[in-house]
file run-v9.txt (compact mmCIF, C-alpha atoms)
# COMPACT_ATOMS: atom_id res chain seq x y z
CA ILE A 7 41.80 -83.68 -8.63
CA PHE A 8 40.79 -86.94 -10.25
CA ALA A 9 42.89 -90.08 -10.45
CA THR A 10 42.24 -90.39 -14.19
CA ALA A 11 40.94 -88.15 -16.95
CA THR A 12 38.12 -90.46 -18.02
CA ALA A 13 34.57 -89.22 -17.62
CA GLY A 14 33.54 -92.39 -15.78
CA ALA A 15 36.27 -92.06 -13.19
CA ALA A 16 35.53 -88.36 -12.74
CA LEU A 17 31.88 -89.19 -12.12
CA VAL A 18 32.72 -91.78 -9.48
CA TYR A 19 34.93 -89.41 -7.51
CA ALA A 20 32.60 -86.46 -7.98
CA GLY A 21 29.70 -88.60 -6.80
CA ALA A 22 31.58 -89.57 -3.67
CA ASP A 23 32.46 -85.93 -2.95
CA ALA A 24 28.80 -84.95 -3.35
CA GLY A 25 27.68 -87.42 -0.67
CA ASN A 26 26.04 -89.85 -3.07
CA GLU A 27 25.63 -93.48 -2.04
CA ALA A 28 26.17 -95.20 -5.39
CA VAL A 29 26.90 -94.96 -9.07
CA TRP A 30 25.11 -97.04 -11.68
CA GLY A 31 24.63 -97.69 -15.34
CA PRO A 32 24.46 -100.34 -18.10
CA ASN A 33 28.17 -101.17 -17.69
CA THR A 34 31.07 -100.48 -15.32
CA ASP A 35 31.57 -97.00 -16.80
CA TYR A 36 28.37 -96.31 -14.80
CA GLY A 37 26.99 -92.87 -15.77
CA SER A 38 24.61 -91.85 -12.97
CA SER A 39 25.01 -91.18 -9.25
CA GLY A 40 22.67 -90.76 -6.31
CA THR A 41 21.10 -92.93 -3.64
CA LEU A 42 21.12 -96.73 -3.60
CA ALA A 43 17.32 -96.61 -3.82
CA GLN A 44 17.63 -94.65 -7.08
CA ALA A 45 20.14 -97.17 -8.41
CA VAL A 46 17.80 -100.08 -7.66
CA SER A 47 14.88 -98.20 -9.20
CA TYR A 48 16.97 -97.81 -12.38
CA ALA A 49 17.73 -101.54 -12.36
CA ASN A 50 14.10 -102.51 -11.89
CA GLY A 51 13.08 -100.19 -14.71
CA LEU A 52 15.32 -101.78 -17.33
CA THR A 53 13.54 -103.72 -20.04
CA SER A 54 16.68 -105.70 -20.93
CA GLY A 55 20.36 -105.96 -20.09
CA THR A 56 22.23 -105.77 -16.79
CA ALA A 57 22.37 -102.96 -14.26
CA TYR A 58 25.77 -102.35 -12.68
CA ILE A 59 25.81 -100.64 -9.27
CA LYS A 60 28.82 -99.61 -7.19
CA LEU A 61 28.65 -98.27 -3.65
CA LEU A 62 30.44 -95.04 -2.77
CA ARG A 63 29.86 -95.18 0.99
CA ASP A 64 28.10 -97.15 3.74
CA VAL A 65 24.33 -97.29 3.28
CA ASN A 66 21.76 -97.65 6.05
CA THR A 67 18.43 -98.83 4.70
CA THR A 68 15.14 -98.80 6.58
CA SER A 69 13.33 -101.09 4.13
CA VAL A 70 14.06 -104.27 2.23
CA ILE A 71 15.78 -103.82 -1.16
CA THR A 72 13.94 -105.77 -3.87
CA ILE A 73 15.39 -106.92 -7.19
CA ASN A 74 12.34 -107.56 -9.33
CA SER A 75 11.68 -110.72 -11.31
CA GLY A 76 13.36 -110.69 -14.73
CA LYS A 77 15.94 -108.06 -13.69
CA THR A 78 19.70 -108.66 -13.54
CA VAL A 79 21.94 -106.67 -11.20
CA VAL A 80 25.67 -106.77 -10.49
CA LEU A 81 26.50 -104.99 -7.22
CA ASP A 82 30.03 -103.97 -6.22
CA LEU A 83 30.06 -103.31 -2.48
CA ALA A 84 33.50 -101.70 -2.93
CA GLY A 85 34.40 -102.22 0.73
CA TYR A 86 31.22 -100.60 2.08
CA ARG A 87 28.24 -102.02 3.93
CA ILE A 88 24.51 -102.14 3.38
CA ASP A 89 22.99 -102.25 6.85
CA ARG A 90 19.35 -102.73 7.96
CA GLY A 91 20.39 -101.97 11.54
CA LEU A 92 17.68 -104.14 13.10
CA THR A 93 18.06 -105.37 16.68
CA SER A 94 14.68 -107.12 16.90
CA ALA A 95 12.72 -109.19 14.42
CA ALA A 96 10.56 -107.32 11.92
CA ALA A 97 8.29 -108.32 9.06
CA ASN A 98 10.25 -107.94 5.81
CA GLY A 99 13.31 -107.37 7.97
CA ASN A 100 15.73 -108.87 5.47
CA VAL A 101 18.24 -106.70 3.58
CA PHE A 102 17.58 -108.04 0.07
CA ASN A 103 14.60 -109.68 -1.58
CA VAL A 104 15.93 -111.27 -4.79
CA LEU A 105 13.18 -112.16 -7.25
CA GLY A 106 15.43 -111.69 -10.29
CA SER A 107 19.21 -112.11 -10.39
CA LEU A 108 21.69 -110.43 -8.05
CA THR A 109 25.47 -110.93 -8.16
CA VAL A 110 27.45 -109.38 -5.30
CA ASN A 111 31.19 -108.75 -5.27
CA SER A 112 33.49 -106.31 -3.50
CA SER A 113 36.40 -104.76 -5.40
CA VAL A 114 37.75 -103.58 -2.03
CA SER A 115 37.83 -105.87 1.00
CA GLY A 116 35.35 -105.32 3.79
CA GLY A 117 32.06 -104.99 1.91
CA MET A 118 29.09 -106.54 3.65
CA ILE A 119 25.34 -107.13 3.72
CA THR A 120 24.42 -106.90 7.38
CA GLY A 121 21.91 -105.98 10.06
CA GLY A 122 18.89 -107.88 8.76
CA TYR A 123 16.54 -109.46 11.30
CA ASN A 124 13.53 -111.01 9.62
CA SER A 125 10.53 -112.40 11.47
CA GLY A 126 10.15 -114.78 8.52
CA TYR A 127 12.66 -116.54 6.29
CA GLY A 128 16.07 -115.15 5.37
CA GLY A 129 17.58 -112.52 7.63
CA GLY A 130 20.11 -111.20 5.12
CA VAL A 131 18.97 -112.28 1.66
CA TYR A 132 15.67 -113.87 0.59
CA VAL A 133 16.04 -115.59 -2.78
CA ALA A 134 13.27 -116.60 -5.14
CA GLY A 135 15.48 -115.95 -8.19
CA THR A 136 19.27 -116.30 -8.34
CA PHE A 137 21.77 -114.96 -5.82
CA THR A 138 25.51 -115.22 -6.47
CA LEU A 139 28.12 -114.18 -3.92
CA LYS A 140 31.58 -113.56 -5.42
CA GLY A 141 33.00 -111.23 -2.79
CA GLY A 142 32.12 -109.36 0.36
CA SER A 143 30.21 -110.84 3.29
CA VAL A 144 26.71 -111.78 4.32
CA LEU A 145 27.43 -111.04 7.97
CA LEU A 146 25.54 -110.74 11.27
CA ASN A 147 21.99 -111.27 10.05
CA ARG A 148 19.23 -113.11 11.90
CA SER A 149 15.88 -114.73 11.21
CA SER A 150 13.11 -116.01 13.44
CA SER A 151 12.69 -118.92 11.05
CA ASN A 152 14.95 -120.67 8.51
CA GLY A 153 18.01 -119.10 6.92
CA GLY A 154 19.73 -116.58 9.13
CA GLY A 155 22.03 -115.33 6.38
CA ILE A 156 20.41 -116.54 3.14
CA TYR A 157 17.11 -118.30 2.45
CA ALA A 158 16.19 -119.68 -0.97
CA THR A 159 12.77 -120.98 -2.00
CA SER A 160 12.38 -124.13 -4.11
CA ALA A 161 12.61 -121.88 -7.18
CA GLY A 162 15.65 -120.01 -5.86
CA VAL A 163 19.29 -120.68 -6.69
CA VAL A 164 22.22 -119.80 -4.42
CA ASN A 165 25.78 -119.70 -5.79
CA ILE A 166 28.67 -119.11 -3.40
CA GLU A 167 31.82 -118.45 -5.42
CA GLY A 168 33.73 -116.19 -3.03
CA GLY A 169 33.35 -113.94 -0.03
CA GLU A 170 31.90 -115.27 3.19
CA VAL A 171 28.66 -116.14 4.91
CA ARG A 172 29.53 -115.64 8.56
CA LEU A 173 28.11 -115.04 12.04
CA ASN A 174 24.48 -115.31 10.99
CA ALA A 175 21.85 -116.92 13.21
CA SER A 176 18.56 -118.73 12.69
CA MET A 177 15.95 -119.61 15.27
CA SER A 178 15.25 -122.75 13.23
CA LYS A 179 17.51 -124.37 10.58
CA GLY A 180 20.32 -123.13 8.36
CA GLY A 181 22.08 -120.38 10.29
CA GLY A 182 24.20 -119.52 7.28
CA ILE A 183 22.14 -120.77 4.34
CA TYR A 184 18.80 -122.53 4.03
CA ALA A 185 18.21 -123.60 0.43
CA GLU A 186 15.07 -125.40 -0.64
CA GLY A 187 16.28 -125.10 -4.24
CA ALA A 188 19.75 -125.57 -5.73
CA CYS A 189 22.80 -124.49 -3.76
CA VAL A 190 26.20 -124.48 -5.46
CA ILE A 191 29.35 -123.77 -3.44
CA LYS A 192 32.51 -123.24 -5.49
CA GLY A 193 34.53 -121.08 -3.12
CA GLY A 194 34.34 -118.60 -0.28
CA GLU A 195 33.78 -119.39 3.37
CA ILE A 196 30.73 -120.41 5.38
CA ARG A 197 31.62 -120.32 9.05
CA GLU A 198 30.57 -119.38 12.57
CA ASN A 199 26.86 -119.47 11.79
CA THR A 200 24.39 -120.82 14.34
CA ALA A 201 20.91 -122.33 14.32
CA ALA A 202 18.51 -123.45 17.04
CA THR A 203 18.07 -126.71 15.11
CA ALA A 204 21.06 -128.18 13.26
CA PRO A 205 22.66 -127.53 10.86
CA GLY A 206 24.19 -124.17 11.67
CA GLY A 207 26.04 -123.82 8.38
CA VAL A 208 24.02 -124.99 5.36
CA TYR A 209 20.66 -126.72 5.13
CA PHE A 210 19.69 -127.90 1.66
CA GLY A 211 16.58 -129.49 0.26
CA ALA A 212 16.79 -130.22 -3.46
CA SER A 213 20.52 -130.31 -4.23
CA LEU A 214 23.89 -129.23 -2.91
CA THR A 215 26.98 -129.09 -5.14
CA VAL A 216 30.37 -128.44 -3.58
CA SER A 217 33.61 -127.99 -5.51
CA GLY A 218 36.86 -126.13 -4.96
CA SER A 219 37.74 -125.15 -1.40
CA PRO A 220 34.76 -123.51 0.35

call {"tool": "encode", "arguments": {"input": "run-v9.txt", "output": "structure tokens"}}
result
Amino acid sequence: IFATATAGAALVYAGADAGNEAVWGPNTDYGSSGTLAQAVSYANGLTSGTAYIKLLRDVNTTSVITINSGKTVVLDLAGYRIDRGLTSAAANGNVFNVLGSLTVNSSVSGGMITGGYNSGYGGGVYVAGTFTLKGGSVLLNRSSSNGGGIYATSAGVVNIEGGEVRLNASMSKGGGIYAEGACVIKGGEIRENTAATAPGGVYFGASLTVSGSP
């Protein structure tokens, strides 16, 4: 029994019942269901437009998830987690590698990007494009270098508009966020992050803009 009679809603619930990890499509009506890897492959294959992805359950990933340059993705965690599950540092041990544009929200509380442990920069999210956090958490990620939660190159842009960056750890600087490029904080929370070398919360290089009540 479906909550509504629309095809999109039926697909979402049917996908969940079938054990699929995500639904995706060119808008929030979605249209396809399967694994998160298939959803990301769809996004990276688009020649234009935005790929919308919504999780249907927790996802454990054994490899970094890359958003290719020139691609735009909006990800609804929907209260679920994407987990690398790493307990020791690994090459390419981050959860996301953002070369294009990735916006993360969570229509249901509790969604998170977690379990990354990178031997390089950025335990949770490595950004060479644009990463925007509107909801959900970048939580409990680690790096052996800068940026336990999020690391952005000089070409990368980090926007924190909601959600939280919390309980991440760096063996160098920027336990929560290390941004060589632009970092804009309009909302959300950045707290309880640690770094071997201060600061534990946010390290910025080029520019930091803070407004609202982060």

call {"tool": "residues_around", "arguments": {"input": "run-v9.txt", "residues": "Leu214 of chain A", "least_positions_apart": "4", "cutoff": "7 Å", "atoms": "only C-alpha atoms", "output": "JSON list (two decimals) with C-alpha atoms, in the frame of the given file"}}
result
[["chain", "number", "residue", "atom", "x", "y", "z"],
["A", 188, "ALA", "CA", 19.75, -125.57, -5.73],
["A", 189, "CYS", "CA", 22.80, -124.49, -3.76],
["A", 190, "VAL", "CA", 26.20, -124.48, -5.46],
["A", 210, "PHE", "CA", 19.69, -127.90, 1.66]]

call {"tool": "residues_near_point", "arguments": {"input": "run-v9.txt", "point": "(17.3, -124.4, 14.6)", "cutoff": "6 Å", "atoms": "only C-alpha atoms", "output": "PDB file with C-alpha atoms, keeping the file's coordinate frame"}}
result
ATOM      1  CA  MET A 177      15.950-119.610  15.270  1.00  0.00           C
ATOM      2  CA  SER A 178      15.250-122.750  13.230  1.00  0.00           C
ATOM      3  CA  LYS A 179      17.510-124.370  10.580  1.00  0.00           C
ATOM      4  CA  ALA A 201      20.910-122.330  14.320  1.00  0.00           C
ATOM      5  CA  ALA A 202      18.510-123.450  17.040  1.00  0.00           C
ATOM      6  CA  THR A 203      18.070-126.710  15.110  1.00  0.00           C
ATOM      7  CA  ALA A 204      21.060-128.180  13.260  1.00  0.00           C
TER       8      ALA A 204
END

call {"tool": "closest_atom_pairs", "arguments": {"input": "run-v9.txt", "of": "segment 55-150 of chain A", "to": "segment 25-48 of chain A", "cutoff": "10 Å", "atoms": "all atoms listed in the file", "output": "Markdown table"}}
result
| residue | atom | partner | partner_atom | distance |
| --- | --- | --- | --- | --- |
| A:Gly55 | CA | A:Pro32 | CA | 7.2 |
| A:Thr56 | CA | A:Pro32 | CA | 6.0 |
| A:Ala57 | CA | A:Pro32 | CA | 5.1 |
| A:Tyr58 | CA | A:Trp30 | CA | 5.4 |
| A:Ile59 | CA | A:Trp30 | CA | 4.4 |
| A:Lys60 | CA | A:Val29 | CA | 5.4 |
| A:Leu61 | CA | A:Ala28 | CA | 4.3 |
| A:Leu62 | CA | A:Ala28 | CA | 5.0 |
| A:Arg63 | CA | A:Glu27 | CA | 5.5 |
| A:Asp64 | CA | A:Glu27 | CA | 7.3 |
| A:Val65 | CA | A:Glu27 | CA | 6.7 |
| A:Asn66 | CA | A:Leu42 | CA | 9.7 |
| A:Thr67 | CA | A:Ala43 | CA | 8.9 |
| A:Ser69 | CA | A:Ala43 | CA | 10.0 |
| A:Ile71 | CA | A:Val46 | CA | 7.8 |
| A:Thr72 | CA | A:Val46 | CA | 7.9 |
| A:Ile73 | CA | A:Val46 | CA | 7.3 |
| A:Asn74 | CA | A:Val46 | CA | 9.4 |
| A:Val79 | CA | A:Val46 | CA | 8.5 |
| A:Val80 | CA | A:Asn33 | CA | 9.5 |
| A:Leu81 | CA | A:Trp30 | CA | 9.2 |
| A:Asp82 | CA | A:Ala28 | CA | 9.6 |
| A:Leu83 | CA | A:Ala28 | CA | 9.5 |
| A:Tyr86 | CA | A:Glu27 | CA | 9.9 |
| A:Ile88 | CA | A:Leu42 | CA | 9.5 |

call {"tool": "residues_around", "arguments": {"input": "run-v9.txt", "residues": "Gly116 of chain A", "least_positions_apart": "6", "cutoff": "8 Å", "atoms": "all atoms listed in the file", "output": "JSON, numbers by chain"}}
result
{"A": [84, 85, 86, 87, 142, 143]}

call {"tool": "closest_residue", "arguments": {"input": "run-v9.txt", "among": "A:Met118, A:Gly129, A:Tyr157, A:Asn124", "to": "Asn174 of chain A", "atoms": "only C-alpha atoms"}}
result
A:Gly129

call {"tool": "atom_distance", "arguments": {"input": "run-v9.txt", "atom1": "atom CA of Arg90 of chain A", "atom2": "atom CA of Gly130 of chain A"}}
result
9.0 Å

call {"tool": "closest_residue", "arguments": {"input": "run-v9.txt", "among": "A:Lys77, A:Lys140, A:Arg172, A:Arg148", "to": "Val101 of chain A", "atoms": "all atoms listed in the file"}}
result
A:Arg148

call {"tool": "atom_distance", "arguments": {"input": "run-v9.txt", "atom1": "atom CA of Thr68 of chain A", "atom2": "atom CA of Glu198 of chain A"}}
result
26.4 Å

call {"tool": "closest_residue", "arguments": {"input": "run-v9.txt", "among": "A:Gly181, A:Gly76, A:Gly106, A:Gly168", "to": "Pro205 of chain A", "atoms": "only C-alpha atoms"}}
result
A:Gly181

call {"tool": "atom_distance", "arguments": {"input": "run-v9.txt", "atom1": "atom CA of Leu92 of chain A", "atom2": "atom CA of Thr120 of chain A"}}
result
9.3 Å
